[in-house]
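Let me begin by presenting the structure, written as structure tokens, before commenting on it.
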Amino acid sequence: MTTRYKVMPGPEHFLPPSAASMGNSLPDPGQGHIHGSIVPEEQAMEEAAKQFLAAKVPTIFPGPLVLWAWNEKAAKKAKAIRHLFETLKDCVASTQTPMLIPMPDYRPKYPKINPEIEINPNHPNLTIWHNKIDACIFVGVHCHQANLSLKIIRGGTDCYTIAMCAQAGHEDAMLSVRDTTADKILRLADWVKKLKGTVEPPK
Amino acid sequence: MSKERIKIAPELFEIMPPEYQDLVDRATYGNETRGWKDIGNAKELIEEHSLCAGCPESMAFRYILASLPNPEDTVMVGSTGCTSLVFPHVAVHNIHSLFGNQNAIASGLKRALSVRFPDRHKDVVVLAGDGATVDIGLDMTLQAWFRQEKFTTICFDNELYANTGGQESGLMQKGFVAKMAPVGKTFEKVRLPEIARESGCHYVVNCTVSKPNLVEKVIKNAIHVAREIGPTYLQLYTPCILEIGKNSMEGLQEMRDSEKPTERFAYKEYVSEPAKELLTEIAAKEKERKAAAKKQLASQGA
């Protein structure tokens, strides 16, 4: 299935349109999307792993839904995210710098955030620019804040955005899977391990 | 009620910025004896604020947040004004309402929380400026009191619209000339504490925020009375030093001058009979708790 609007790495422009307003639809259960095109979930997972292995600074942005141990599910996801990060570190070349940067909450920070150690949905581009992040995964971020961030990132940076959503997916990311559980995060880690050495690392 | 609800996932603890780690390790959530004396010793629930240097409102905010008896189960409702610049930086649930709508929002919120959490105290505290409370939102303020809604309304009274450059407000004193009110106020300061009393508030206080222990006392009283009996109202003088032509370090003196016996912010308190009974009961329990703690300390020392 193709759509009129391809969600590609930017910088697009100051206010990129929401992909939904351009006719992009969300994947059904068992599916994901790549640049707005609906694909089987496994294909999206493979592509996400490839993008991460090919990036100079692949970064995971865990949001409040997984940073805080609200319940057992959240704690399990946090464990899986840590595993994904450790796997990524083991699988990348020395020219790559994987990062794990939290989005602890959504409040605009005064006088400014420290982009080295956190990301804020109101100006996520600062963290992307500062750390020269070229591929990122959003996980555990509430839908509205994720969409806001993803659009700002698309508007002002050339970062490849991946959204692992616990609900219905994100059409504003370049790649998204839906119904994310801890097991699904571990599956992505397996894909990273499987594809190790098959993707040319950046120079 | 405890810090149990704000645990960081252990696998990700070390990547959290230090202020969040501090909030979990050193804040006073769940501490029944929390109060203004924790300021400087424990992690405060207010991060850096964006108010002007020396603003009395920032002092008031710190005292109030330190005095909330139950911050982990408190929702604060704010409105447009300088207070809304601070709310993004506080570690207490808060809602920014449409200008003047704060007491209507709080009414619905309090009722919903009572239905959803019948076994738990959920405190709702409205904190808004004088424009939102007395001018634009007077209807909502009064209607909430008439209906006997069980929450506390705090008005930060700086006697004008400070955030927008100094326009006249209902709580401005008669004759005062402000930057955007060059003719001078032609009528008296609205007597909202008296109106609150007549409208059904069970605990009403009019004072400044120059004394942190007093602020703690009135905040705790107001919240306890609102929880058990009915609406309460606090009118706290937080002068806008910029709009009244003072320097950063002169805010405290301005409050002290305004709370002298003949001045407009001389301490005024009204407590209804049922509220009096409740407060006496709470005071007795507190005395008992302190005596027990003293006894325990003495036995440990021996």
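In the structure tokens, chains take the letters A, B, ... in the order shown, each chain's residues start at 1, and ligands count up from 1 in the order shown.
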Enumerate, in order of chain and increasing residue number, the residues of chain B with an atom no farther than 6 Å from chain A, each with its shortest atom pair and distance in Å to one decimal, counting only C-alpha atoms, as CSV.
residue,atom,partner,partner_atom,distance
B:Lys7,CA,A:Ala69,CA,5.5
B:Ile8,CA,A:Trp68,CA,4.3
B:Ala9,CA,A:Ala69,CA,4.7
B:Glu11,CA,A:Lys79,CA,5.9
B:Pro88,CA,A:Arg107,CA,5.4
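Near Lys50 in chain A, within 12 Å and counting only C-alpha atoms, sit Gln43, Ala44, Met45, Glu46, Ala54, Ala55, Pro58, Leu88, Cys91, Val92, Ala135, Tyr160, Ile162, Leu175, Leu188, Ala189, Asp190, Trp191, Val192, Lys193, Lys194, Leu195, Lys196, Gly197, Thr198, Val199, Glu200 and Pro201 of chain A; same-chain residues fewer than 4 positions away were not included.
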Can you spit out the residues from that selection as a short mmCIF file (atom, residue, chain, number, x, y, z; two decimals), in the first residue's frame, using C-alpha atoms?
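Generated file (result.cif):
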data_model
loop_
_atom_site.label_atom_id
_atom_site.label_comp_id
_atom_site.auth_asym_id
_atom_site.auth_seq_id
_atom_site.Cartn_x
_atom_site.Cartn_y
_atom_site.Cartn_z
CA GLN A 43 9.94 -6.19 7.85
CA ALA A 44 9.67 -2.99 9.85
CA MET A 45 11.68 -4.52 12.69
CA GLU A 46 14.41 -5.63 10.30
CA ALA A 54 24.07 2.01 9.86
CA ALA A 55 23.88 5.15 12.03
CA PRO A 58 22.01 5.46 17.11
CA LEU A 88 23.49 -2.41 20.25
CA CYS A 91 27.04 -4.97 17.67
CA VAL A 92 28.30 -1.61 16.42
CA ALA A 135 18.89 7.62 14.09
CA TYR A 160 15.91 8.96 11.10
CA ILE A 162 11.64 5.13 14.68
CA LEU A 175 9.30 3.86 10.73
CA LEU A 188 14.33 -5.91 17.92
CA ALA A 189 17.49 -6.63 19.93
CA ASP A 190 17.54 -10.08 18.28
CA TRP A 191 17.30 -8.45 14.86
CA VAL A 192 20.23 -6.17 15.72
CA LYS A 193 22.27 -9.21 16.75
CA LYS A 194 21.25 -11.12 13.63
CA LEU A 195 22.19 -8.31 11.28
CA LYS A 196 25.50 -7.54 12.96
CA GLY A 197 28.21 -7.33 10.33
CA THR A 198 25.76 -7.29 7.41
CA VAL A 199 25.27 -3.53 7.39
CA GLU A 200 28.10 -1.25 6.39
CA PRO A 201 28.98 0.92 9.38
#
Closest to Pro18 in chain B among B:Glu47, B:Asp257, B:Asp130, B:Glu273, using only C-alpha atoms?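 Closest to Pro18 in chain B, using only C-alpha atoms: B:Glu47.
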Near His33 in chain A, counting only C-alpha atoms, which residues have an atom at most 10 Å away, once you skip same-chain residues fewer than 4 positions from it, shown as a ChimeraX atom specification? /A:1,24-28,37-41,43-45,162,169-171,173-178
Find the residue from A:Lys203, A:Arg4, A:Lys132, A:Lys112 that sits nearest to Glu48 in chain B; use only C-alpha atoms when measuring. A:Lys112
